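Coordinates as given in work_38.txt (compact mmCIF, C-alpha atoms):
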```txt
# COMPACT_ATOMS: atom_id res chain seq x y z
CA MET A 1 32.59 -37.61 -2.16
CA ILE A 2 29.32 -35.81 -1.48
CA LEU A 3 28.98 -37.46 1.93
CA GLU A 4 32.53 -36.47 2.76
CA GLY A 5 31.74 -32.93 1.72
CA ALA A 6 28.61 -32.92 3.80
CA GLY A 7 30.50 -33.94 6.93
CA GLU A 8 33.15 -31.33 6.45
CA GLY A 9 30.53 -28.74 5.49
CA LEU A 10 28.59 -29.25 8.71
CA ALA A 11 31.81 -29.01 10.68
CA ARG A 12 32.64 -25.66 9.07
CA LEU A 13 29.17 -24.44 9.82
CA VAL A 14 29.40 -25.34 13.49
CA THR A 15 32.91 -23.96 13.94
CA GLY A 16 31.82 -20.59 12.56
CA ASP A 17 33.85 -20.59 9.35
CA PRO A 18 34.11 -16.89 8.34
CA GLU A 19 33.69 -17.68 4.65
CA VAL A 20 30.36 -19.43 5.32
CA TRP A 21 28.99 -16.86 7.72
CA SER A 22 29.91 -13.92 5.52
CA ALA A 23 27.82 -15.42 2.71
CA VAL A 24 24.96 -16.03 5.16
CA ARG A 25 25.09 -12.42 6.33
CA VAL A 26 25.07 -11.07 2.77
CA SER A 27 22.17 -13.34 1.81
CA LEU A 28 20.04 -12.44 4.81
CA GLY A 29 20.78 -8.72 4.63
CA VAL A 30 20.23 -8.32 0.90
CA SER A 31 17.10 -10.48 0.76
CA ALA A 32 15.53 -8.91 3.86
CA ALA A 33 16.08 -5.42 2.42
CA ALA A 34 14.65 -6.53 -0.92
CA VAL A 35 11.51 -8.04 0.64
CA LEU A 36 10.98 -5.02 2.92
CA ALA A 37 11.16 -2.70 -0.08
CA ALA A 38 8.86 -4.94 -2.12
CA ALA A 39 6.41 -5.11 0.82
CA ALA A 40 6.32 -1.35 1.33
CA LEU A 41 5.35 -0.83 -2.28
CA GLY A 42 3.69 -4.14 -3.13
CA LEU A 43 1.31 -4.69 -0.20
CA PRO A 44 -0.67 -1.46 -0.71
CA LEU A 45 -0.64 -1.99 -4.48
CA GLY A 46 -1.77 -5.60 -4.18
CA LEU A 47 -4.52 -4.81 -1.67
CA ALA A 48 -5.83 -2.04 -3.89
CA LEU A 49 -5.62 -4.21 -7.00
CA GLY A 50 -7.49 -7.04 -5.25
CA GLN A 51 -10.30 -4.80 -4.07
CA ALA A 52 -10.55 -2.20 -6.83
CA ARG A 53 -12.87 -2.53 -9.78
CA PHE A 54 -11.86 -0.71 -12.90
CA ARG A 55 -11.78 -1.26 -16.62
CA GLY A 56 -8.63 -3.19 -17.49
CA ARG A 57 -8.33 -4.78 -14.06
CA GLY A 58 -8.24 -8.24 -15.65
CA ALA A 59 -5.39 -7.13 -17.90
CA ALA A 60 -3.51 -5.66 -14.93
CA ARG A 61 -3.88 -8.94 -13.03
CA ALA A 62 -2.64 -10.88 -16.07
CA VAL A 63 0.43 -8.64 -16.33
CA VAL A 64 1.21 -9.11 -12.65
CA ASN A 65 0.73 -12.87 -12.93
CA THR A 66 3.12 -12.96 -15.89
CA LEU A 67 5.72 -10.89 -14.06
CA MET A 68 5.48 -13.31 -11.14
CA ALA A 69 7.32 -15.80 -13.33
CA THR A 70 10.03 -13.42 -14.59
CA PRO A 71 13.33 -15.31 -15.02
CA THR A 72 16.01 -13.97 -12.69
CA VAL A 73 18.60 -13.74 -15.46
CA LEU A 74 16.28 -11.37 -17.31
CA ILE A 75 16.11 -9.07 -14.28
CA GLY A 76 19.88 -9.44 -13.97
CA LEU A 77 20.29 -8.46 -17.62
CA VAL A 78 18.04 -5.40 -17.36
CA GLY A 79 19.62 -4.42 -14.06
CA TYR A 80 23.08 -4.78 -15.57
CA ALA A 81 22.12 -2.66 -18.57
CA LEU A 82 20.83 0.06 -16.23
CA LEU A 83 23.65 -0.02 -13.70
CA SER A 84 26.73 -0.75 -15.81
CA ARG A 85 29.07 2.15 -16.36
CA ALA A 86 27.63 2.94 -19.80
CA GLY A 87 24.03 2.53 -18.59
CA PRO A 88 21.63 5.36 -17.64
CA LEU A 89 22.19 4.74 -13.91
CA GLY A 90 25.87 3.89 -14.28
CA GLY A 91 26.90 7.11 -12.55
CA LEU A 92 25.54 5.81 -9.25
CA GLY A 93 28.33 3.24 -9.15
CA LEU A 94 25.99 0.57 -7.77
CA LEU A 95 27.01 -2.35 -9.95
CA TYR A 96 28.57 -5.20 -7.97
CA THR A 97 27.33 -3.86 -4.64
CA PRO A 98 24.87 -5.43 -2.19
CA THR A 99 22.54 -2.49 -2.98
CA ALA A 100 22.39 -3.52 -6.64
CA MET A 101 21.59 -7.08 -5.59
CA ALA A 102 18.85 -5.86 -3.26
CA LEU A 103 17.33 -3.68 -5.98
CA GLY A 104 17.31 -6.59 -8.43
CA GLN A 105 15.81 -8.94 -5.86
CA ALA A 106 13.18 -6.33 -4.97
CA ALA A 107 12.20 -6.24 -8.64
CA LEU A 108 11.84 -10.02 -8.50
CA ALA A 109 9.81 -9.91 -5.27
CA LEU A 110 7.51 -7.03 -6.17
CA PRO A 111 5.19 -8.83 -8.63
CA LEU A 112 5.02 -11.80 -6.25
CA VAL A 113 3.95 -9.59 -3.36
CA VAL A 114 1.45 -7.65 -5.48
CA GLY A 115 -0.06 -10.77 -7.05
CA LEU A 116 -0.31 -12.78 -3.85
CA ALA A 117 -1.65 -9.83 -1.82
CA ALA A 118 -4.28 -9.22 -4.51
CA ALA A 119 -5.23 -12.90 -4.41
CA ALA A 120 -5.47 -12.77 -0.60
CA VAL A 121 -7.98 -9.94 -0.84
CA GLU A 122 -9.91 -11.51 -3.70
CA ARG A 123 -10.32 -14.70 -1.69
CA ALA A 124 -11.40 -12.83 1.45
CA ASP A 125 -14.84 -13.44 2.90
CA PRO A 126 -17.10 -10.84 1.21
CA ARG A 127 -18.69 -10.07 4.58
CA ILE A 128 -15.50 -8.34 5.73
CA ALA A 129 -15.81 -5.54 3.18
CA GLN A 130 -19.62 -5.54 3.40
CA THR A 131 -19.47 -4.96 7.15
CA ALA A 132 -16.94 -2.15 6.88
CA LEU A 133 -18.69 -0.42 3.96
CA GLY A 134 -22.15 -0.98 5.44
CA LEU A 135 -21.07 0.83 8.60
CA GLY A 136 -19.78 3.80 6.63
CA ALA A 137 -16.07 3.07 6.25
CA GLY A 138 -14.19 4.72 3.39
CA ARG A 139 -12.19 2.70 0.89
CA ALA A 140 -8.86 3.09 2.67
CA ARG A 141 -10.27 1.97 6.01
CA THR A 142 -12.01 -0.94 4.33
CA LEU A 143 -8.69 -2.03 2.82
CA TRP A 144 -7.06 -1.68 6.23
CA VAL A 145 -9.73 -3.90 7.81
CA LEU A 146 -9.33 -6.44 4.99
CA ALA A 147 -5.56 -6.45 5.43
CA GLY A 148 -5.98 -7.01 9.16
CA GLU A 149 -8.28 -9.97 8.68
CA ARG A 150 -6.03 -11.44 5.95
CA ARG A 151 -2.79 -10.96 7.87
CA PRO A 152 -1.72 -14.62 7.68
CA ALA A 153 -2.20 -14.72 3.90
CA LEU A 154 -0.27 -11.46 3.51
CA PHE A 155 2.54 -12.77 5.68
CA ALA A 156 2.57 -15.93 3.59
CA ALA A 157 2.95 -13.75 0.49
CA LEU A 158 6.04 -12.13 2.01
CA ALA A 159 7.39 -15.53 3.01
CA VAL A 160 7.02 -16.80 -0.56
CA ALA A 161 8.75 -13.68 -1.87
CA PHE A 162 11.58 -14.09 0.64
CA GLY A 163 11.98 -17.75 -0.28
CA ARG A 164 12.22 -16.81 -3.93
CA VAL A 165 14.80 -14.03 -3.59
CA PHE A 166 16.81 -15.83 -0.92
CA SER A 167 17.49 -18.78 -3.20
CA GLU A 168 17.91 -17.03 -6.57
CA VAL A 169 21.30 -17.05 -8.33
CA GLY A 170 20.90 -15.06 -11.55
CA ILE A 171 20.43 -11.58 -10.14
CA SER A 172 23.01 -12.05 -7.41
CA PHE A 173 25.62 -13.18 -9.92
CA MET A 174 24.95 -10.54 -12.57
CA LEU A 175 24.46 -7.53 -10.28
CA GLY A 176 26.57 -8.62 -7.32
CA GLY A 177 29.48 -10.22 -9.12
CA ASN A 178 30.13 -12.83 -6.41
CA ILE A 179 32.83 -10.77 -4.71
CA ARG A 180 34.16 -12.71 -1.77
CA GLY A 181 33.20 -11.15 1.57
CA VAL A 182 31.14 -8.39 -0.09
CA THR A 183 28.53 -9.68 -2.51
CA ARG A 184 29.04 -13.44 -2.32
CA ASN A 185 25.84 -14.83 -0.88
CA ILE A 186 24.68 -18.37 -0.25
CA PRO A 187 23.46 -19.28 -3.78
CA THR A 188 26.40 -17.71 -5.65
CA GLY A 189 28.72 -19.21 -3.04
CA ILE A 190 27.32 -22.68 -3.67
CA ALA A 191 27.56 -22.31 -7.44
CA PHE A 192 31.10 -20.95 -7.25
CA GLU A 193 32.47 -23.45 -4.75
CA THR A 194 30.87 -26.40 -6.50
CA GLY A 195 32.44 -25.26 -9.76
CA ARG A 196 35.82 -25.39 -8.04
CA GLY A 197 35.11 -28.85 -6.63
CA GLU A 198 34.81 -27.46 -3.09
CA PHE A 199 31.79 -29.49 -2.07
CA ALA A 200 32.21 -28.91 1.64
CA LEU A 201 31.57 -25.20 1.50
CA GLY A 202 28.71 -25.74 -0.93
CA VAL A 203 27.05 -28.23 1.38
CA ALA A 204 27.48 -26.01 4.42
CA LEU A 205 25.82 -23.13 2.58
CA GLY A 206 23.10 -25.45 1.28
CA VAL A 207 22.27 -26.50 4.82
CA VAL A 208 21.83 -22.86 5.86
CA LEU A 209 19.64 -22.25 2.82
CA LEU A 210 17.38 -25.14 3.78
CA ALA A 211 17.31 -24.17 7.45
CA VAL A 212 16.20 -20.61 6.67
CA ALA A 213 13.54 -21.87 4.25
CA LEU A 214 12.29 -24.25 6.94
CA ALA A 215 12.20 -21.51 9.57
CA ILE A 216 10.18 -19.20 7.35
CA ASN A 217 7.74 -21.94 6.41
CA GLY A 218 7.33 -22.86 10.05
CA LEU A 219 6.63 -19.26 11.05
CA SER A 220 4.14 -18.88 8.24
CA ALA A 221 2.35 -22.12 9.16
CA ALA A 222 2.24 -21.12 12.83
CA LEU A 223 0.64 -17.77 11.98
CA GLU A 224 -1.88 -19.49 9.73
CA ALA A 225 -2.77 -21.98 12.45
CA ARG A 226 -3.18 -19.26 15.06
CA ALA A 227 -5.50 -17.28 12.84
CA GLY A 228 -7.40 -20.42 11.89
CA GLY A 229 -7.89 -21.36 15.52
CA VAL A 230 -9.72 -18.14 16.33
CA ARG A 231 -12.39 -18.53 13.69
CA MET B 1 -42.60 17.31 3.99
CA SER B 2 -39.27 15.61 4.52
CA ALA B 3 -37.68 13.35 1.94
CA PRO B 4 -38.25 9.60 2.27
CA ARG B 5 -35.73 7.78 4.42
CA LEU B 6 -35.23 5.40 1.51
CA GLU B 7 -36.42 5.82 -2.03
CA LEU B 8 -35.86 3.14 -4.65
CA SER B 9 -36.95 3.58 -8.22
CA GLY B 10 -36.72 1.23 -11.17
CA LEU B 11 -34.28 -0.93 -9.25
CA GLU B 12 -32.74 -3.93 -11.01
CA VAL B 13 -30.00 -6.05 -9.52
CA HIS B 14 -28.08 -8.86 -11.19
CA ARG B 15 -25.81 -11.25 -9.34
CA GLY B 16 -23.76 -13.87 -11.09
CA GLY B 17 -25.36 -12.92 -14.40
CA ARG B 18 -28.87 -13.56 -13.07
CA LEU B 19 -31.63 -11.06 -12.30
CA VAL B 20 -32.17 -11.33 -8.54
CA LEU B 21 -34.26 -8.24 -7.85
CA ARG B 22 -36.66 -6.02 -9.76
CA LEU B 23 -38.42 -3.39 -7.72
CA PRO B 24 -40.28 -0.63 -9.62
CA ALA B 25 -40.69 1.75 -6.68
CA LEU B 26 -40.37 1.88 -2.95
CA ALA B 27 -40.46 4.79 -0.50
CA LEU B 28 -39.96 4.53 3.23
CA ARG B 29 -41.24 7.37 5.42
CA PRO B 30 -39.39 8.57 8.51
CA GLY B 31 -40.43 6.40 11.43
CA GLU B 32 -41.65 3.58 9.23
CA VAL B 33 -40.70 -0.08 9.50
CA LEU B 34 -40.82 -2.15 6.35
CA ALA B 35 -40.68 -5.89 6.88
CA VAL B 36 -39.45 -7.83 3.84
CA VAL B 37 -40.47 -11.48 3.78
CA GLY B 38 -39.98 -14.31 1.32
CA GLU B 39 -38.38 -17.69 0.80
CA ASN B 40 -34.63 -18.28 0.69
CA GLY B 41 -33.31 -16.73 -2.50
CA ALA B 42 -36.37 -14.50 -2.94
CA GLY B 43 -34.12 -11.44 -2.99
CA LYS B 44 -34.41 -10.15 0.60
CA SER B 45 -30.66 -9.93 1.21
CA SER B 46 -30.11 -8.53 -2.28
CA LEU B 47 -32.63 -5.79 -1.52
CA LEU B 48 -30.82 -4.87 1.69
CA LEU B 49 -27.35 -5.01 0.14
CA ALA B 50 -28.50 -2.96 -2.85
CA ALA B 51 -30.16 -0.39 -0.57
CA ALA B 52 -26.92 -0.28 1.43
CA GLY B 53 -25.10 0.70 -1.75
CA LEU B 54 -23.07 -2.51 -1.84
CA LEU B 55 -24.45 -4.12 -5.00
CA ASP B 56 -24.19 -2.82 -8.56
CA LEU B 57 -27.51 -1.56 -9.88
CA ALA B 58 -28.21 -2.73 -13.42
CA ALA B 59 -30.96 -0.12 -13.57
CA GLY B 60 -32.61 2.47 -11.37
CA GLU B 61 -31.35 4.32 -8.36
CA ALA B 62 -31.55 4.54 -4.60
CA ARG B 63 -31.56 7.58 -2.34
CA VAL B 64 -31.42 8.03 1.42
CA ASP B 65 -32.96 11.20 2.90
CA GLY B 66 -33.00 12.78 -0.55
CA GLY B 67 -29.19 12.83 -0.53
CA PRO B 68 -26.76 11.68 -3.23
CA ALA B 69 -27.98 8.70 -5.24
CA HIS B 70 -26.55 5.23 -5.55
CA ARG B 71 -26.71 4.17 -9.17
CA GLY B 72 -24.62 1.91 -11.34
CA ARG B 73 -21.50 0.60 -9.72
CA ALA B 74 -21.11 -0.27 -6.07
CA PRO B 75 -20.00 0.82 -3.57
CA ALA B 76 -22.24 3.87 -3.35
CA PRO B 77 -20.62 7.22 -2.51
CA LEU B 78 -19.50 7.65 1.09
CA ALA B 79 -22.16 10.32 1.78
CA TYR B 80 -24.84 7.83 0.70
CA ARG B 81 -23.47 5.02 2.85
CA ARG B 82 -22.97 7.22 5.92
CA ALA B 83 -26.69 8.02 6.08
CA LEU B 84 -27.47 4.36 6.74
CA ALA B 85 -26.26 1.38 8.71
CA LEU B 86 -26.41 -2.27 7.71
CA ALA B 87 -26.45 -5.46 9.81
CA LEU B 88 -25.59 -8.56 7.78
CA GLN B 89 -27.52 -11.81 7.93
CA GLU B 90 -24.45 -13.67 9.19
CA PRO B 91 -22.10 -11.23 10.93
CA TYR B 92 -18.42 -11.84 10.27
CA PRO B 93 -16.46 -12.70 13.43
CA PHE B 94 -13.81 -9.99 13.38
CA ALA B 95 -10.82 -10.60 15.62
CA ALA B 96 -11.53 -7.68 17.95
CA ASN B 97 -13.50 -7.16 21.11
CA ALA B 98 -17.21 -6.35 21.12
CA LEU B 99 -16.78 -2.79 22.36
CA GLU B 100 -14.27 -1.90 19.63
CA LEU B 101 -16.50 -3.50 17.05
CA ALA B 102 -19.57 -1.63 18.28
CA ALA B 103 -17.51 1.56 17.87
CA PHE B 104 -16.32 0.70 14.35
CA GLY B 105 -18.73 2.92 12.41
CA LEU B 106 -18.03 5.84 14.75
CA ALA B 107 -14.29 5.36 14.28
CA ALA B 108 -14.85 5.47 10.52
CA ARG B 109 -16.65 8.80 11.03
CA GLY B 110 -13.71 10.21 12.94
CA PHE B 111 -15.21 10.24 16.46
CA PRO B 112 -12.46 10.59 19.08
CA ARG B 113 -11.84 7.41 21.03
CA PRO B 114 -13.44 8.29 24.40
CA ALA B 115 -16.61 9.58 22.71
CA ARG B 116 -16.99 6.59 20.45
CA LEU B 117 -16.35 4.07 23.20
CA ALA B 118 -18.92 5.78 25.43
CA ARG B 119 -21.50 5.64 22.66
CA ALA B 120 -20.57 2.06 21.81
CA ARG B 121 -21.10 1.11 25.46
CA GLU B 122 -24.58 2.65 25.34
CA ALA B 123 -25.32 0.83 22.10
CA LEU B 124 -24.32 -2.49 23.69
CA ALA B 125 -26.39 -1.70 26.78
CA ALA B 126 -29.45 -0.93 24.65
CA LEU B 127 -29.41 -4.59 23.63
CA GLY B 128 -28.42 -5.96 27.04
CA LEU B 129 -24.87 -6.75 25.93
CA GLU B 130 -22.90 -4.79 28.58
CA ALA B 131 -21.26 -7.99 29.81
CA LEU B 132 -19.86 -8.79 26.36
CA ALA B 133 -17.90 -5.54 25.94
CA GLY B 134 -14.48 -7.10 26.54
CA ARG B 135 -15.13 -10.37 24.70
CA ALA B 136 -13.54 -11.11 21.32
CA ALA B 137 -16.14 -11.54 18.60
CA PRO B 138 -14.91 -15.00 17.53
CA THR B 139 -15.68 -16.29 21.05
CA LEU B 140 -19.31 -15.11 20.91
CA SER B 141 -22.22 -17.39 20.03
CA GLY B 142 -24.08 -16.90 16.75
CA GLY B 143 -26.93 -15.12 18.52
CA GLU B 144 -24.55 -12.86 20.44
CA ARG B 145 -22.77 -11.94 17.22
CA LYS B 146 -26.11 -11.09 15.70
CA LEU B 147 -26.94 -8.80 18.62
CA LEU B 148 -23.47 -7.26 18.38
CA SER B 149 -24.08 -6.48 14.72
CA LEU B 150 -27.28 -4.68 15.75
CA ALA B 151 -25.30 -2.73 18.37
CA GLN B 152 -22.84 -1.72 15.62
CA VAL B 153 -25.81 -0.28 13.75
CA GLY B 154 -27.37 1.25 16.87
CA ALA B 155 -24.22 3.17 17.80
CA LEU B 156 -24.52 5.20 14.60
CA GLU B 157 -28.07 6.53 15.11
CA ALA B 158 -28.41 6.49 11.33
CA SER B 159 -31.46 7.69 9.37
CA LEU B 160 -31.91 4.31 7.77
CA LEU B 161 -31.42 0.92 9.40
CA LEU B 162 -31.07 -2.12 7.15
CA LEU B 163 -31.39 -5.29 9.20
CA ASP B 164 -31.00 -8.72 7.61
CA GLU B 165 -32.74 -11.35 9.77
CA PRO B 166 -32.31 -9.38 13.02
CA SER B 167 -33.91 -12.15 15.10
CA ALA B 168 -32.07 -15.14 13.59
CA GLY B 169 -30.28 -17.17 16.24
CA VAL B 170 -31.32 -14.77 19.02
CA ASP B 171 -32.59 -16.42 22.23
CA ARG B 172 -36.33 -16.34 22.84
CA GLU B 173 -35.78 -14.34 26.07
CA ARG B 174 -33.83 -11.69 24.23
CA LEU B 175 -36.23 -11.30 21.34
CA PRO B 176 -38.51 -8.73 23.06
CA ARG B 177 -35.44 -6.59 23.63
CA VAL B 178 -34.62 -6.67 19.91
CA GLU B 179 -38.18 -5.74 19.05
CA ALA B 180 -38.18 -2.88 21.55
CA TRP B 181 -34.87 -1.73 20.05
CA VAL B 182 -36.40 -1.61 16.55
CA ARG B 183 -39.42 0.31 17.87
CA GLU B 184 -37.11 2.76 19.60
CA ALA B 185 -35.30 3.45 16.32
CA ARG B 186 -38.65 3.99 14.64
CA GLY B 187 -39.67 6.26 17.52
CA ARG B 188 -36.77 8.61 16.88
CA GLY B 189 -37.77 8.85 13.23
CA ALA B 190 -35.40 6.39 11.58
CA GLY B 191 -36.56 4.31 8.65
CA VAL B 192 -36.11 0.57 9.16
CA VAL B 193 -36.03 -2.16 6.54
CA LEU B 194 -35.81 -5.61 8.07
CA ALA B 195 -35.70 -8.89 6.21
CA THR B 196 -37.07 -11.92 8.01
CA HIS B 197 -38.32 -15.47 7.54
CA ASP B 198 -40.61 -14.97 10.50
CA HIS B 199 -44.01 -13.80 9.28
CA GLU B 200 -45.22 -13.20 12.83
CA LEU B 201 -42.28 -10.96 13.58
CA ALA B 202 -42.92 -9.15 10.30
CA ALA B 203 -46.54 -8.59 11.27
CA ARG B 204 -45.64 -7.43 14.81
CA LEU B 205 -42.89 -5.01 13.80
CA GLY B 206 -43.70 -4.00 10.26
CA ASP B 207 -45.83 -0.96 9.49
CA ARG B 208 -45.82 -2.50 6.04
CA VAL B 209 -44.91 -5.94 4.78
CA LEU B 210 -43.30 -6.51 1.40
CA GLU B 211 -43.26 -10.06 0.16
CA LEU B 212 -40.68 -10.99 -2.44
CA ARG B 213 -40.83 -14.02 -4.69
CA ALA B 214 -38.10 -14.70 -7.25
CA GLY B 215 -36.87 -11.14 -6.85
CA ARG B 216 -40.21 -9.44 -7.42
CA PRO B 217 -42.77 -7.95 -5.03
CA VAL B 218 -45.81 -10.15 -4.52
CA GLU B 219 -48.14 -7.95 -2.54
CA SER B 220 -48.19 -5.14 -0.07
CA ALA B 221 -50.25 -5.56 3.07
CA GLN B 222 -51.50 -2.96 5.53
```

Kindly transcribe the structure held in the file into structure tokens.
Amino acid sequence: MILEGAGEGLARLVTGDPEVWSAVRVSLGVSAAAVLAAAALGLPLGLALGQARFRGRGAARAVVNTLMATPTVLIGLVGYALLSRAGPLGGLGLLYTPTAMALGQAALALPLVVGLAAAAVERADPRIAQTALGLGAGRARTLWVLAGERRPALFAALAVAFGRVFSEVGISFMLGGNIRGVTRNIPTGIAFETGRGEFALGVALGVVLLAVALAINGLSAALEARAGGVR
Amino acid sequence: MSAPRLELSGLEVHRGGRLVLRLPALALRPGEVLAVVGENGAGKSSLLLAAAGLLDLAAGEARVDGGPAHRGRAPAPLAYRRALALALQEPYPFAANALELAAFGLAARGFPRPARLARAREALAALGLEALAGRAAPTLSGGERKLLSLAQVGALEASLLLLDEPSAGVDRERLPRVEAWVREARGRGAGVVLATHDHELAARLGDRVLELRAGRPVESAQ
């Protein structure tokens, strides 16, 4: 039955089935927006957290590390409470929109980006900052130099965040509502179609999910290799 | 009388929970070269990094040109660090070309691009590195990187030069050029602290030699 589904699924993928490609578009659009937002806020925060030295820094790192493992249904729950009609942000009418999904996924990605960016800076060769500071660079420029030298690790952080939000189900279901053609993305599509016994569609979507994950990993590995080759 | 180029008092530095340097007092006059010698782990690099304002001071303070002090937590204030320039023992191979790297400190000080590149070119030329200007640092040899790190320092014309093993890995033919470069800095009134394994180099270049052993001064010659 699964094999049969797989064959039909691949066929639907190749023939450009609108149901499949709509879910792919929603997934890519929502997750890309979420990771961009998380990067804009999280990269500077993570770089600063990795380099800064202040009382309570260890506690801050521990909090970020804990948030990195936040269950998606918890974010979905909090997001729902905020965005539902009776919630404090209910007036915005965002519930069950791609925007709500992107906001929820950004909340999932943010601690990942912050934590991994901080780790990238912490693991950086100490000579990078020593050179910059020893030649009279300010803190911001020193962070900029560090970020430049750690580009592959920072990209890898974004790739991990994208992989996480791209494949999550909880937030998408609770904040998106799995509305066909609007908020149905790949993971909610798979869950929904499988529940109905429609394996073919599920398999087709699963193949796209894997292909995108593979592409991102490949890109990340290529960047890492290029940077490694220069040293 | 002008303030010392570098003044250290009651300096104590810990690294990894261990005392690595204890230096009661040190003053470096303008136009003076202090050569710091000692075994591996004697505290030479710690002295330079602490003087550069990059290591926490467990006790004491450091001043350059009588300006703001570095005490307690590193990094030292920007005004402290901008009075000096540091060349690391093993320069990091940044992914940029030699000219841009030589101009780095000037860029940090807000020099407009044409001015800083012109000065960086001069700084490279002063060490015979004109031909390397367009080369990416990771493609340079260890000795060339070392010379480039000196050019980064030279471009700044700082009051205080902190040079960690400036001759390490440098070709024999190029060594006189490095020595002349240090003497030139001294000639324009800069203070120079250089750490070296090479006792002969220390004797040739140093107006004073400070020997460190287990983080403490052993003797002062000359």

Using all atoms listed in the file, I'd like a table of the residues in chain A that come within 8 Å of chain B; for each, show the closest atom pair and its distance in Å rounded to one decimal, ordered by chain and ascending number, as JSON lines.
```
{"residue": "A:Arg127", "atom": "CA", "partner": "B:Tyr92", "partner_atom": "CA", "distance": 6.0}
{"residue": "A:Ile128", "atom": "CA", "partner": "B:Tyr92", "partner_atom": "CA", "distance": 6.4}
{"residue": "A:Gln130", "atom": "CA", "partner": "B:Leu54", "partner_atom": "CA", "distance": 7.0}
{"residue": "A:Thr131", "atom": "CA", "partner": "B:Leu88", "partner_atom": "CA", "distance": 7.1}
{"residue": "A:Ala132", "atom": "CA", "partner": "B:Gly105", "partner_atom": "CA", "distance": 7.7}
{"residue": "A:Leu133", "atom": "CA", "partner": "B:Arg81", "partner_atom": "CA", "distance": 7.3}
{"residue": "A:Gly134", "atom": "CA", "partner": "B:Leu86", "partner_atom": "CA", "distance": 5.0}
{"residue": "A:Leu135", "atom": "CA", "partner": "B:Gly105", "partner_atom": "CA", "distance": 4.9}
{"residue": "A:Gly136", "atom": "CA", "partner": "B:Arg82", "partner_atom": "CA", "distance": 4.7}
{"residue": "A:Ala137", "atom": "CA", "partner": "B:Ala108", "partner_atom": "CA", "distance": 5.0}
{"residue": "A:Gly138", "atom": "CA", "partner": "B:Leu78", "partner_atom": "CA", "distance": 6.5}
{"residue": "A:Arg141", "atom": "CA", "partner": "B:Ala108", "partner_atom": "CA", "distance": 7.3}
{"residue": "A:Glu149", "atom": "CA", "partner": "B:Phe94", "partner_atom": "CA", "distance": 7.3}
{"residue": "A:Val230", "atom": "CA", "partner": "B:Pro138", "partner_atom": "CA", "distance": 6.2}
{"residue": "A:Arg231", "atom": "CA", "partner": "B:Pro138", "partner_atom": "CA", "distance": 5.8}
```

* Find the residues around segment 117-119 of chain B up to 8 Å (only C-alpha atoms counted), leave out those fewer than 2 positions away in its own chain, and share them as a PyMOL selection string. => chain B and resi 99-100+103+113-115+121-123+155

* Interatomic distance (Å, one decimal) between atom CA of Glu32 of chain B and atom CA of Pro126 of chain A ->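 Atom CA of Pro126 of chain A lies at a distance of 29.6 Å from atom CA of Glu32 of chain B.
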
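With atom CA of Glu184 of chain B on one side and atom CA of Pro68 of chain B on the other, the separation reads 26.6 Å.
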
* Please provide as a PyMOL selection string all residues within 8 Å of Ala109 of chain A, with the sequence filter that same-chain residues fewer than 6 positions apart are discarded (counting all atoms listed in the file). => chain A and resi 34-35+38+161-162+164-165

* **Protein and nucleic acid residues near (-5.0, -14.4, 5.2) (cut-off 9 Å, only C-alpha atoms) as a VMD selection string** => chain A and resid 120 to 121 123 to 124 147 to 156 224 227

* Identify the residues around (29.6, -11.1, 1.6) within a radius of 8 Å, measuring from only C-alpha atoms in the coordinates stated by the file, and give them as a list in words. => Ser22, Ala23, Val24, Arg25, Val26, Ser27, Ile179, Arg180, Gly181, Val182, Thr183, Arg184 and Asn185 of chain A

Leaving out Asn217 of chain A and any residue of its chain fewer than 2 positions from it, which residues lie within 9 Å of it when counting only C-alpha atoms, given as a CSV table (one decimal) with C-alpha atoms, keeping the file's coordinate frame?
```csv
chain,number,residue,atom,x,y,z
A,156,ALA,CA,2.6,-15.9,3.6
A,159,ALA,CA,7.4,-15.5,3.0
A,160,VAL,CA,7.0,-16.8,-0.6
A,163,GLY,CA,12.0,-17.8,-0.3
A,212,VAL,CA,16.2,-20.6,6.7
A,213,ALA,CA,13.5,-21.9,4.2
A,214,LEU,CA,12.3,-24.2,6.9
A,215,ALA,CA,12.2,-21.5,9.6
A,219,LEU,CA,6.6,-19.3,11.0
A,220,SER,CA,4.1,-18.9,8.2
A,221,ALA,CA,2.4,-22.1,9.2
A,222,ALA,CA,2.2,-21.1,12.8
```

* Extract, using all atoms listed in the file, all DNA, RNA and protein residues at most 8 Å from Leu43 of chain A, discarding same-chain residues fewer than 4 positions from it, and format them as a list in words. =>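 The contact residues come out as Ala38, Ala39, Leu47, Val113, Val114, Ala117 and Leu154 of chain A.
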
* Asked: What is the atom CA of Leu34 of chain B to atom CA of Ser159 of chain B distance in Å?
  ->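 Interatomic distance here is 13.9 Å.
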